[in-house]
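Containing PDB, C-alpha atoms and all ligand atoms: query25.pdb.
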```pdb
ATOM      1  CA  MET A   1      15.198 -13.352  43.982
ATOM      2  CA  ASP A   2      17.385 -14.261  40.998
ATOM      3  CA  LEU A   3      14.935 -15.408  38.313
ATOM      4  CA  GLY A   4      17.654 -17.456  36.600
ATOM      5  CA  ILE A   5      16.997 -15.992  33.136
ATOM      6  CA  ARG A   6      19.799 -13.417  32.764
ATOM      7  CA  GLY A   7      21.024 -13.419  29.143
ATOM      8  CA  LYS A   8      17.916 -15.133  27.747
ATOM      9  CA  ARG A   9      16.091 -13.526  24.792
ATOM     10  CA  ALA A  10      12.431 -12.553  24.847
ATOM     11  CA  LEU A  11       9.904 -11.351  22.295
ATOM     12  CA  VAL A  12       7.369  -9.150  24.068
ATOM     13  CA  CYS A  13       4.502  -8.248  21.734
ATOM     14  CA  ALA A  14       2.477  -5.028  21.994
ATOM     15  CA  SER A  15       4.902  -3.638  24.539
ATOM     16  CA  SER A  16       5.371   0.102  23.988
ATOM     17  CA  LYS A  17       2.715   0.811  26.646
ATOM     18  CA  GLY A  18       0.484  -0.761  29.237
ATOM     19  CA  LEU A  19       0.698  -4.374  30.368
ATOM     20  CA  GLY A  20       3.123  -5.432  27.618
ATOM     21  CA  ARG A  21       5.458  -2.641  28.671
ATOM     22  CA  GLY A  22       5.161  -3.767  32.306
ATOM     23  CA  CYS A  23       6.226  -7.283  31.229
ATOM     24  CA  ALA A  24       9.117  -5.950  29.115
ATOM     25  CA  GLU A  25      10.440  -3.883  32.029
ATOM     26  CA  ALA A  26      10.216  -6.742  34.534
ATOM     27  CA  LEU A  27      12.035  -9.100  32.140
ATOM     28  CA  ALA A  28      14.708  -6.464  31.467
ATOM     29  CA  ASP A  29      15.116  -6.058  35.237
ATOM     30  CA  ALA A  30      15.849  -9.806  35.351
ATOM     31  CA  GLY A  31      18.618  -9.361  32.742
ATOM     32  CA  VAL A  32      16.672 -10.583  29.704
ATOM     33  CA  ASP A  33      17.463  -9.125  26.248
ATOM     34  CA  LEU A  34      14.334  -7.983  24.455
ATOM     35  CA  VAL A  35      12.688  -7.717  21.084
ATOM     36  CA  MET A  36       9.874  -5.218  21.609
ATOM     37  CA  ASN A  37       6.934  -4.686  19.277
ATOM     38  CA  ALA A  38       4.082  -2.232  18.704
ATOM     39  CA  ARG A  39       2.562  -0.602  15.626
ATOM     40  CA  GLY A  40       3.577   2.978  16.422
ATOM     41  CA  ALA A  41       7.342   3.277  15.829
ATOM     42  CA  GLU A  42       7.844   6.488  17.801
ATOM     43  CA  ALA A  43       6.427   5.292  21.133
ATOM     44  CA  LEU A  44       8.125   1.930  20.597
ATOM     45  CA  GLU A  45      11.567   3.493  20.074
ATOM     46  CA  ALA A  46      11.062   5.717  23.132
ATOM     47  CA  ALA A  47      10.109   2.728  25.292
ATOM     48  CA  ALA A  48      13.095   0.718  24.008
ATOM     49  CA  ALA A  49      15.530   3.573  24.686
ATOM     50  CA  ASP A  50      14.153   3.995  28.208
ATOM     51  CA  ILE A  51      14.537   0.270  28.965
ATOM     52  CA  ARG A  52      18.082   0.132  27.533
ATOM     53  CA  ALA A  53      19.102   3.086  29.676
ATOM     54  CA  ARG A  54      17.499   1.812  32.891
ATOM     55  CA  PHE A  55      18.372  -1.889  32.729
ATOM     56  CA  GLY A  56      21.426  -2.143  30.438
ATOM     57  CA  VAL A  57      19.995  -5.026  28.389
ATOM     58  CA  ARG A  58      20.004  -5.332  24.581
ATOM     59  CA  VAL A  59      16.688  -4.160  23.103
ATOM     60  CA  THR A  60      15.717  -4.304  19.443
ATOM     61  CA  THR A  61      12.382  -3.232  18.003
ATOM     62  CA  VAL A  62      10.022  -4.453  15.304
ATOM     63  CA  ALA A  63       7.287  -1.943  14.511
ATOM     64  CA  CYS A  64       4.354  -3.847  12.985
ATOM     65  CA  ASP A  65       0.817  -5.046  13.536
ATOM     66  CA  VAL A  66       1.274  -8.390  15.264
ATOM     67  CA  THR A  67      -2.284  -9.469  14.437
ATOM     68  CA  THR A  68      -1.437  -9.871  10.720
ATOM     69  CA  PRO A  69       0.473 -12.789   9.154
ATOM     70  CA  GLU A  70       3.070 -10.277   7.801
ATOM     71  CA  GLY A  71       3.568  -8.805  11.264
ATOM     72  CA  GLN A  72       3.924 -12.270  12.782
ATOM     73  CA  SER A  73       6.566 -13.207  10.181
ATOM     74  CA  ARG A  74       8.478 -10.012  10.926
ATOM     75  CA  VAL A  75       8.625 -10.476  14.707
ATOM     76  CA  LEU A  76       9.440 -14.187  14.389
ATOM     77  CA  ALA A  77      12.285 -13.354  11.977
ATOM     78  CA  ALA A  78      13.952 -11.502  14.889
ATOM     79  CA  GLY A  79      14.249 -14.842  16.778
ATOM     80  CA  PRO A  80      15.263 -17.259  18.130
ATOM     81  CA  PHE A  81      13.510 -16.596  21.441
ATOM     82  CA  ASP A  82      13.730 -18.353  24.789
ATOM     83  CA  ILE A  83      10.720 -16.404  26.052
ATOM     84  CA  LEU A  84       7.556 -15.292  24.235
ATOM     85  CA  VAL A  85       4.970 -12.901  25.660
ATOM     86  CA  THR A  86       1.956 -12.610  23.360
ATOM     87  CA  ASN A  87      -0.258  -9.552  23.518
ATOM     88  CA  ALA A  88      -2.315  -7.204  21.321
ATOM     89  CA  GLY A  89      -4.987  -4.602  21.833
ATOM     90  CA  GLY A  90      -8.399  -5.843  22.953
ATOM     91  CA  PRO A  91     -11.614  -5.662  20.881
ATOM     92  CA  PRO A  92     -14.150  -2.852  21.489
ATOM     93  CA  PRO A  93     -17.093  -3.277  23.902
ATOM     94  CA  GLY A  94     -20.678  -3.422  22.660
ATOM     95  CA  MET A  95     -23.969  -5.319  22.614
ATOM     96  CA  TRP A  96     -24.424  -8.902  21.396
ATOM     97  CA  SER A  97     -26.467  -7.564  18.483
ATOM     98  CA  ASP A  98     -23.704  -5.166  17.305
ATOM     99  CA  TRP A  99     -21.263  -7.704  15.930
ATOM    100  CA  ASP A 100     -21.190  -9.409  12.559
ATOM    101  CA  ARG A 101     -18.857 -12.010  11.103
ATOM    102  CA  ASP A 102     -16.118  -9.496  10.222
ATOM    103  CA  ASP A 103     -16.016  -8.196  13.813
ATOM    104  CA  PHE A 104     -15.567 -11.738  15.095
ATOM    105  CA  ILE A 105     -12.856 -12.495  12.511
ATOM    106  CA  ARG A 106     -10.949  -9.340  13.601
ATOM    107  CA  ALA A 107     -11.248 -10.311  17.275
ATOM    108  CA  LEU A 108     -10.195 -13.908  16.595
ATOM    109  CA  ASP A 109      -7.230 -12.718  14.503
ATOM    110  CA  ALA A 110      -6.048 -10.366  17.245
ATOM    111  CA  ASN A 111      -6.683 -12.301  20.429
ATOM    112  CA  MET A 112      -6.716 -15.968  19.409
ATOM    113  CA  LEU A 113      -5.052 -16.682  16.050
ATOM    114  CA  ALA A 114      -2.143 -14.222  16.479
ATOM    115  CA  PRO A 115      -0.896 -15.782  19.742
ATOM    116  CA  ILE A 116      -1.403 -19.259  18.256
ATOM    117  CA  ALA A 117       0.668 -18.342  15.164
ATOM    118  CA  LEU A 118       3.416 -16.873  17.357
ATOM    119  CA  MET A 119       3.522 -19.985  19.522
ATOM    120  CA  LYS A 120       3.643 -22.212  16.416
ATOM    121  CA  GLY A 121       6.596 -20.155  15.203
ATOM    122  CA  ALA A 122       8.542 -20.027  18.472
ATOM    123  CA  LEU A 123       7.854 -23.408  20.074
ATOM    124  CA  PRO A 124       9.951 -25.643  17.750
ATOM    125  CA  GLY A 125      13.165 -23.777  18.655
ATOM    126  CA  MET A 126      12.337 -23.854  22.365
ATOM    127  CA  ILE A 127      11.650 -27.591  22.175
ATOM    128  CA  GLU A 128      14.920 -28.171  20.320
ATOM    129  CA  ARG A 129      16.884 -26.276  23.000
ATOM    130  CA  GLY A 130      14.949 -27.987  25.828
ATOM    131  CA  TRP A 131      13.907 -24.734  27.520
ATOM    132  CA  GLY A 132      11.209 -22.172  26.834
ATOM    133  CA  ARG A 133       8.608 -19.970  28.464
ATOM    134  CA  VAL A 134       5.416 -18.533  26.959
ATOM    135  CA  VAL A 135       3.033 -16.139  28.681
ATOM    136  CA  ASN A 136      -0.137 -15.147  26.852
ATOM    137  CA  ILE A 137      -1.781 -11.967  28.094
ATOM    138  CA  THR A 138      -5.500 -12.803  27.973
ATOM    139  CA  SER A 139      -8.141 -11.348  30.324
ATOM    140  CA  GLY A 140      -9.986 -11.920  33.579
ATOM    141  CA  SER A 141     -12.991 -12.305  31.280
ATOM    142  CA  VAL A 142     -11.781 -15.858  30.593
ATOM    143  CA  LYS A 143     -12.904 -16.859  34.103
ATOM    144  CA  ALA A 144     -15.582 -14.228  34.664
ATOM    145  CA  PRO A 145     -16.921 -13.126  31.251
ATOM    146  CA  ILE A 146     -17.771  -9.420  31.018
ATOM    147  CA  PRO A 147     -21.173  -8.831  29.311
ATOM    148  CA  GLN A 148     -20.118  -5.890  27.109
ATOM    149  CA  LEU A 149     -16.881  -7.591  25.996
ATOM    150  CA  GLY A 150     -18.477 -10.383  23.987
ATOM    151  CA  LEU A 151     -15.847 -10.258  21.228
ATOM    152  CA  SER A 152     -13.036 -10.515  23.768
ATOM    153  CA  ASN A 153     -14.810 -13.248  25.780
ATOM    154  CA  SER A 154     -15.204 -15.324  22.613
ATOM    155  CA  ALA A 155     -11.686 -14.969  21.210
ATOM    156  CA  ARG A 156      -9.954 -15.497  24.553
ATOM    157  CA  ALA A 157     -12.000 -18.598  25.314
ATOM    158  CA  GLY A 158     -10.671 -20.092  22.061
ATOM    159  CA  LEU A 159      -7.056 -19.293  22.945
ATOM    160  CA  THR A 160      -7.545 -20.717  26.428
ATOM    161  CA  GLY A 161      -8.733 -23.997  24.971
ATOM    162  CA  TYR A 162      -5.750 -24.176  22.612
ATOM    163  CA  VAL A 163      -3.275 -23.484  25.425
ATOM    164  CA  ALA A 164      -4.886 -26.103  27.689
ATOM    165  CA  GLY A 165      -3.863 -28.825  25.262
ATOM    166  CA  THR A 166      -0.682 -27.382  23.772
ATOM    167  CA  SER A 167       0.928 -26.541  27.124
ATOM    168  CA  ARG A 168       0.686 -30.189  28.125
ATOM    169  CA  GLN A 169       2.056 -31.399  24.796
ATOM    170  CA  VAL A 170       5.206 -29.243  25.030
ATOM    171  CA  ALA A 171       5.834 -29.564  28.799
ATOM    172  CA  PRO A 172       7.889 -32.778  28.418
ATOM    173  CA  HIS A 173      10.446 -30.693  26.472
ATOM    174  CA  GLY A 174      11.069 -28.112  29.217
ATOM    175  CA  VAL A 175       8.717 -25.600  27.605
ATOM    176  CA  VAL A 176       6.201 -23.975  29.913
ATOM    177  CA  ILE A 177       3.111 -22.088  28.659
ATOM    178  CA  ASN A 178       0.740 -20.181  30.926
ATOM    179  CA  ASN A 179      -1.902 -17.489  30.509
ATOM    180  CA  LEU A 180      -1.958 -14.334  32.604
ATOM    181  CA  LEU A 181      -5.442 -12.863  33.120
ATOM    182  CA  PRO A 182      -5.554  -9.149  33.916
ATOM    183  CA  GLY A 183      -8.415  -7.577  35.794
ATOM    184  CA  ILE A 184      -8.553  -3.792  35.598
ATOM    185  CA  HIS A 185      -5.117  -2.193  35.383
ATOM    186  CA  ALA A 186      -4.330   1.489  34.933
ATOM    187  CA  THR A 187      -3.450   1.667  31.218
ATOM    188  CA  ASP A 188      -4.758   3.452  28.116
ATOM    189  CA  ARG A 189      -7.167   0.525  27.626
ATOM    190  CA  SER A 190      -8.846   0.958  31.031
ATOM    191  CA  ALA A 191      -8.895   4.749  30.537
ATOM    192  CA  SER A 192     -10.771   4.308  27.248
ATOM    193  CA  LEU A 193     -13.254   1.899  28.876
ATOM    194  CA  ASP A 194     -13.772   4.479  31.680
ATOM    195  CA  ALA A 195     -14.245   7.171  29.040
ATOM    196  CA  GLY A 196     -17.067   5.052  27.558
ATOM    197  CA  VAL A 197     -18.803   4.876  30.978
ATOM    198  CA  MET A 198     -18.201   8.619  31.420
ATOM    199  CA  ALA A 199     -19.979   9.380  28.148
ATOM    200  CA  ALA A 200     -22.818   6.895  28.722
ATOM    201  CA  ASP A 201     -23.569   7.883  32.341
ATOM    202  CA  GLY A 202     -22.724  11.611  32.222
ATOM    203  CA  ILE A 203     -20.040  11.423  34.931
ATOM    204  CA  THR A 204     -16.370  12.418  34.968
ATOM    205  CA  GLN A 205     -13.607   9.954  34.124
ATOM    206  CA  ASP A 206     -12.391  10.108  37.747
ATOM    207  CA  GLU A 207     -15.901   9.236  38.912
ATOM    208  CA  ALA A 208     -16.040   6.336  36.463
ATOM    209  CA  ARG A 209     -12.712   5.054  37.783
ATOM    210  CA  ALA A 210     -13.733   5.529  41.439
ATOM    211  CA  ARG A 211     -16.967   3.666  40.787
ATOM    212  CA  ARG A 212     -15.074   0.752  39.277
ATOM    213  CA  GLU A 213     -12.370   0.760  41.977
ATOM    214  CA  ALA A 214     -15.112   0.444  44.615
ATOM    215  CA  THR A 215     -16.047  -2.945  43.077
ATOM    216  CA  ILE A 216     -12.493  -4.319  43.499
ATOM    217  CA  PRO A 217     -11.654  -5.762  46.950
ATOM    218  CA  ALA A 218      -8.141  -4.231  46.706
ATOM    219  CA  ARG A 219      -9.911  -0.865  46.028
ATOM    220  CA  THR A 220      -7.458   0.142  43.316
ATOM    221  CA  TYR A 221      -6.556  -0.587  39.711
ATOM    222  CA  GLY A 222      -3.511  -2.788  39.200
ATOM    223  CA  ARG A 223      -0.295  -1.234  37.907
ATOM    224  CA  PRO A 224       1.557  -2.520  34.828
ATOM    225  CA  GLN A 225       4.522  -3.272  37.116
ATOM    226  CA  ASP A 226       2.342  -5.547  39.330
ATOM    227  CA  PHE A 227       1.395  -7.475  36.222
ATOM    228  CA  GLY A 228       4.933  -7.479  34.823
ATOM    229  CA  ALA A 229       6.393  -8.952  38.011
ATOM    230  CA  MET A 230       4.114 -11.991  37.763
ATOM    231  CA  CYS A 231       4.890 -12.331  34.061
ATOM    232  CA  ALA A 232       8.641 -12.338  34.777
ATOM    233  CA  PHE A 233       8.163 -15.010  37.440
ATOM    234  CA  LEU A 234       6.228 -17.199  34.983
ATOM    235  CA  CYS A 235       9.120 -16.741  32.532
ATOM    236  CA  SER A 236      11.688 -17.614  35.201
ATOM    237  CA  ASP A 237      13.534 -20.828  35.805
ATOM    238  CA  HIS A 238      11.424 -21.260  38.981
ATOM    239  CA  ALA A 239       8.219 -21.641  36.950
ATOM    240  CA  ARG A 240       9.160 -25.066  35.535
ATOM    241  CA  PHE A 241       6.324 -26.804  37.419
ATOM    242  CA  ILE A 242       3.567 -24.255  36.619
ATOM    243  CA  VAL A 243       2.038 -25.625  33.421
ATOM    244  CA  GLY A 244      -1.057 -24.582  31.473
ATOM    245  CA  GLN A 245      -2.501 -22.343  34.184
ATOM    246  CA  ASN A 246      -4.812 -19.347  33.881
ATOM    247  CA  ILE A 247      -3.641 -16.949  36.558
ATOM    248  CA  LEU A 248      -5.898 -14.041  37.548
ATOM    249  CA  ILE A 249      -4.388 -10.732  38.615
ATOM    250  CA  ASP A 250      -7.465  -8.704  39.519
ATOM    251  CA  GLY A 251      -7.291  -7.433  43.100
ATOM    252  CA  GLY A 252      -9.825 -10.091  44.117
ATOM    253  CA  ALA A 253     -12.527  -8.786  41.754
ATOM    254  CA  ALA A 254     -13.678 -12.230  40.615
ATOM    255  CA  ASN A 255     -14.518 -14.344  43.638
ATOM    256  CA  LEU A 256     -13.391 -17.696  42.330
ATOM    257  CA  SER A 257     -11.270 -18.898  45.220
ATOM    258  CA  LEU A 258     -13.119 -22.161  45.757
TER     259      LEU A 258
HETATM  260  P1  LIG B 301      -2.900  -0.550  26.066
HETATM  261  O1  LIG B 301      -2.530   0.218  27.280
HETATM  262  O2  LIG B 301      -3.903   0.005  25.136
HETATM  263  O3  LIG B 301      -1.521  -0.913  25.320
HETATM  264  C1  LIG B 301      -1.546  -1.589  24.185
HETATM  265  C2  LIG B 301      -0.117  -1.769  23.660
HETATM  266  O4  LIG B 301      -0.198  -2.721  22.635
HETATM  267  C3  LIG B 301       0.494  -0.521  23.043
HETATM  268  O5  LIG B 301       1.888  -0.591  23.173
HETATM  269  C4  LIG B 301       0.071  -0.649  21.577
HETATM  270  O6  LIG B 301       0.930   0.113  20.738
HETATM  271  C5  LIG B 301       0.248  -2.151  21.400
HETATM  272  N1  LIG B 301      -0.613  -2.747  20.378
HETATM  273  C6  LIG B 301      -1.959  -2.697  20.309
HETATM  274  N2  LIG B 301      -2.387  -3.379  19.236
HETATM  275  C7  LIG B 301      -1.285  -3.876  18.622
HETATM  276  C8  LIG B 301      -1.090  -4.640  17.455
HETATM  277  N3  LIG B 301      -2.120  -5.036  16.706
HETATM  278  N4  LIG B 301       0.176  -4.990  17.107
HETATM  279  C9  LIG B 301       1.221  -4.598  17.848
HETATM  280  N5  LIG B 301       1.101  -3.852  18.975
HETATM  281  C10 LIG B 301      -0.148  -3.494  19.341
HETATM  282  O7  LIG B 301      -3.525  -1.991  26.463
HETATM  283  P2  LIG B 301      -3.347  -2.807  27.827
HETATM  284  O8  LIG B 301      -4.282  -2.259  28.848
HETATM  285  O9  LIG B 301      -1.917  -2.956  28.153
HETATM  286  O10 LIG B 301      -3.980  -4.207  27.416
HETATM  287  C11 LIG B 301      -3.234  -5.258  26.854
HETATM  288  C12 LIG B 301      -4.167  -6.441  26.634
HETATM  289  O11 LIG B 301      -4.722  -6.846  27.889
HETATM  290  C13 LIG B 301      -5.358  -6.123  25.726
HETATM  291  O12 LIG B 301      -5.658  -7.227  24.904
HETATM  292  C14 LIG B 301      -6.494  -5.891  26.705
HETATM  293  O13 LIG B 301      -7.763  -6.159  26.150
HETATM  294  C15 LIG B 301      -6.136  -6.873  27.804
HETATM  295  N6  LIG B 301      -6.740  -6.481  29.085
HETATM  296  C16 LIG B 301      -6.413  -5.296  29.666
HETATM  297  C17 LIG B 301      -7.021  -4.955  30.864
HETATM  298  C18 LIG B 301      -6.705  -3.628  31.547
HETATM  299  O14 LIG B 301      -7.370  -3.284  32.521
HETATM  300  N7  LIG B 301      -5.736  -2.867  31.115
HETATM  301  C19 LIG B 301      -7.927  -5.840  31.481
HETATM  302  C20 LIG B 301      -8.218  -7.032  30.853
HETATM  303  C21 LIG B 301      -7.624  -7.352  29.657
HETATM  304  P3  LIG B 301       0.419   0.596  19.274
HETATM  305  O15 LIG B 301      -0.946   1.166  19.470
HETATM  306  O16 LIG B 301       1.449   1.599  18.855
HETATM  307  O17 LIG B 301       0.417  -0.618  18.412
END
```
Would you kindly transcribe this structure into structure tokens?
Amino acid sequence: MDLGIRGKRALVCASSKGLGRGCAEALADAGVDLVMNARGAEALEAAAADIRARFGVRVTTVACDVTTPEGQSRVLAAGPFDILVTNAGGPPPGMWSDWDRDDFIRALDANMLAPIALMKGALPGMIERGWGRVVNITSGSVKAPIPQLGLSNSARAGLTGYVAGTSRQVAPHGVVINNLLPGIHATDRSASLDAGVMAADGITQDEARARREATIPARTYGRPQDFGAMCAFLCSDHARFIVGQNILIDGGAANLSL
């Protein structure tokens, strides 16, 4: 299927690895030129070079922490963008009693206020041009909160509320915003969560993964390319009538079909 976005320009945040990388590759496969971002310059440059070589699109990089106002200014200065994919690392797991105000502020900065600032920066240009697509990478925990991810549950709920209103305010201008909610995908993030279970329960990392896979109806972790394909579709011309949705990609793990 031609996604109808060849030659458009996308900012894909936190994209040297994992789900962001999956989104960057799927957009590049659709002919979209990219601005890629991550904090670590070396892995970012390697990812950009790989994507240039495989897909023949233009790729520039901005190495910075996208959760800070300085980082947000730097990535936005590389605009204008037709497509924005917001993403950043997720907060650590823990117990409700572990977290103080500073932990919440860090989580809100990373997973709520950063995507909001990026949307505020990118939306005016999209509205002016009458076309835009935004995908926020959030989490399955938005629909089925995960007990040990209280910081993530809290920050992502705030972003979800913001997008519910904003997506409907910008839709009349041809700008479409949706959230993509990953369940467990095979990335460094899931490996570190498995490593936590491994340490706590005295099992191997493979056993921790197998135990978690057994709870997923699809009996496997998702791949970044599965996630990226859906992201590219939501950024496509065909997605013009999909507005303000929270789309789960979790192998059926959360049984919310009714
Ligand atoms: P990952 O494999 O750990 O990859 C994270 C990527 O983001 C790397 O490229 C990393 O590069 C970059 N990054 C992290 N923090 C950044 C920052 N502050 N500024 C700029 N770049 C940053 O993570 P992932 O599994 O793809 O997860 C992506 C998001 O989805 C996270 O918020 C996570 O909580 C959420 N999620 C993931 C899963 C899953 O199973 N994988 C499930 C639910 C939700 P640098 O370290 O070099 O910056």
field: All residues 7 Å or closer to A:Gly252, only C-alpha atoms, same chain fewer than 4 positions away omitted, as a PyMOL selection string
entry: chain A and resi 216-218
Residues of stretch 29-80 of chain A that approach stretch 99-118 of chain A to 9 Å or less, counting all atoms listed in the file: could you list each one with the shortest pair of atoms and its distance in Å to one decimal, rows by chain and increasing residue number, as a tab-separated table?
```
residue	atom	partner	partner_atom	distance
A:Val66	CA	A:Ala114	CA	6.9
A:Thr67	CA	A:Ala110	CA	4.8
A:Thr68	CA	A:Ala114	CA	7.3
A:Pro69	CA	A:Ala114	CA	7.9
A:Gln72	CA	A:Leu118	CA	6.5
A:Ser73	CA	A:Leu118	CA	8.7
A:Val75	CA	A:Leu118	CA	8.7
A:Leu76	CA	A:Leu118	CA	7.2
```
Selection in question (the file shown): the PyMOL selection byres (((chain A and resi 20) around 12) and not hetatm). Which residues does it include, as an mmCIF file with C-alpha atoms, in the coordinates of the input?
```cif
data_model
loop_
_atom_site.group_PDB
_atom_site.id
_atom_site.type_symbol
_atom_site.label_atom_id
_atom_site.label_comp_id
_atom_site.auth_asym_id
_atom_site.auth_seq_id
_atom_site.Cartn_x
_atom_site.Cartn_y
_atom_site.Cartn_z
ATOM 1 C CA LEU A 11 9.904 -11.351 22.295
ATOM 2 C CA VAL A 12 7.369 -9.150 24.068
ATOM 3 C CA CYS A 13 4.502 -8.248 21.734
ATOM 4 C CA ALA A 14 2.477 -5.028 21.994
ATOM 5 C CA SER A 15 4.902 -3.638 24.539
ATOM 6 C CA SER A 16 5.371 0.102 23.988
ATOM 7 C CA LYS A 17 2.715 0.811 26.646
ATOM 8 C CA GLY A 18 0.484 -0.761 29.237
ATOM 9 C CA LEU A 19 0.698 -4.374 30.368
ATOM 10 C CA ARG A 21 5.458 -2.641 28.671
ATOM 11 C CA GLY A 22 5.161 -3.767 32.306
ATOM 12 C CA CYS A 23 6.226 -7.283 31.229
ATOM 13 C CA ALA A 24 9.117 -5.950 29.115
ATOM 14 C CA GLU A 25 10.440 -3.883 32.029
ATOM 15 C CA ALA A 26 10.216 -6.742 34.534
ATOM 16 C CA LEU A 27 12.035 -9.100 32.140
ATOM 17 C CA LEU A 34 14.334 -7.983 24.455
ATOM 18 C CA VAL A 35 12.688 -7.717 21.084
ATOM 19 C CA MET A 36 9.874 -5.218 21.609
ATOM 20 C CA ASN A 37 6.934 -4.686 19.277
ATOM 21 C CA ALA A 38 4.082 -2.232 18.704
ATOM 22 C CA LEU A 44 8.125 1.930 20.597
ATOM 23 C CA ALA A 47 10.109 2.728 25.292
ATOM 24 C CA LEU A 84 7.556 -15.292 24.235
ATOM 25 C CA VAL A 85 4.970 -12.901 25.660
ATOM 26 C CA THR A 86 1.956 -12.610 23.360
ATOM 27 C CA ASN A 87 -0.258 -9.552 23.518
ATOM 28 C CA ALA A 88 -2.315 -7.204 21.321
ATOM 29 C CA GLY A 89 -4.987 -4.602 21.833
ATOM 30 C CA VAL A 135 3.033 -16.139 28.681
ATOM 31 C CA ASN A 136 -0.137 -15.147 26.852
ATOM 32 C CA ILE A 137 -1.781 -11.967 28.094
ATOM 33 C CA THR A 138 -5.500 -12.803 27.973
ATOM 34 C CA LEU A 180 -1.958 -14.334 32.604
ATOM 35 C CA PRO A 182 -5.554 -9.149 33.916
ATOM 36 C CA HIS A 185 -5.117 -2.193 35.383
ATOM 37 C CA THR A 187 -3.450 1.667 31.218
ATOM 38 C CA ASP A 188 -4.758 3.452 28.116
ATOM 39 C CA ARG A 189 -7.167 0.525 27.626
ATOM 40 C CA ARG A 223 -0.295 -1.234 37.907
ATOM 41 C CA PRO A 224 1.557 -2.520 34.828
ATOM 42 C CA GLN A 225 4.522 -3.272 37.116
ATOM 43 C CA ASP A 226 2.342 -5.547 39.330
ATOM 44 C CA PHE A 227 1.395 -7.475 36.222
ATOM 45 C CA GLY A 228 4.933 -7.479 34.823
ATOM 46 C CA ALA A 229 6.393 -8.952 38.011
ATOM 47 C CA CYS A 231 4.890 -12.331 34.061
ATOM 48 C CA ALA A 232 8.641 -12.338 34.777
#
```
Interatomic distance, atom CA of A:Ser167 to atom CA of A:Gly244 (Å, one decimal): 5.2 Å
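What the PyMOL selection byres (((chain A and resi 169-176) around 7) and not hetatm) matches in the given file is Met126, Ile127, Gly130, Trp131, Gly132, Arg133, Val134, Gly165, Thr166, Ser167, Arg168, Ile177, Asn178, Arg240 and Val243 of chain A.
Closest approach to ligand LIG 301 (chain B) among A:Ala28, A:Ala164, A:Ile184, A:Ile83 is made by A:Ile184 (distances from all atoms listed in the file).
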task: Can you work out which one of A:Ala186, A:Pro92, A:Gln245, A:Asp206 has the shortest atom-to-atom distance to A:Gly161, counting only C-alpha atoms?
output: A:Gln245
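Between atom CA of A:Gln148 and atom O11 of ligand LIG 301 (chain B) the interatomic distance comes to 15.4 Å.
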Axis-aligned box over every listed atom of ligand LIG 301 (chain B), padded by 4 Å per side: centre and edges in Å to one decimal, as lines of an AutoDock Vina configuration file?
```
center_x = -3.2
center_y = -2.9
center_z = 24.6
size_x = 18.1
size_y = 17.0
size_z = 23.8
```
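Distances here use all atoms listed in the file; by that measure, the residue among A:Arg211, A:Arg129, A:Arg156, A:Arg54 closest to A:Ser141 is A:Arg156.
Atom CA of A:Glu213 to atom C1 of ligand LIG 301 (chain B) spans 21.0 Å [interatomic distance, one decimal].
Residue nearest ligand LIG 301 (chain B), chosen from A:Ser236, A:Ala253, A:Ala214, A:Glu128 and counting all atoms listed in the file: A:Ala253.
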message: Please determine, counting all atoms listed in the file, which residue among A:Ser152, A:Asn179, A:Thr215, A:Asn255 has the shortest atom-to-atom distance to A:Gly94.
response: A:Ser152
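The residue that comes closest to ligand LIG 301 (chain B), out of A:Ile5, A:Ala195, A:Ile249, A:Val59 and on the basis of all atoms listed in the file, is A:Ile249.
Selection result for the displayed file, with the PyMOL selection byres (((chain A and resi 197) around 12) and not hetatm) as criterion, is A:Pro93, A:Gly94, A:Gln148, A:Ser190, A:Ala191, A:Ser192, A:Leu193, A:Asp194, A:Ala195, A:Gly196, A:Met198, A:Ala199, A:Ala200, A:Asp201, A:Gly202, A:Ile203, A:Thr204, A:Gln205, A:Asp206, A:Glu207, A:Ala208, A:Arg209, A:Ala210, A:Arg211, A:Arg212.
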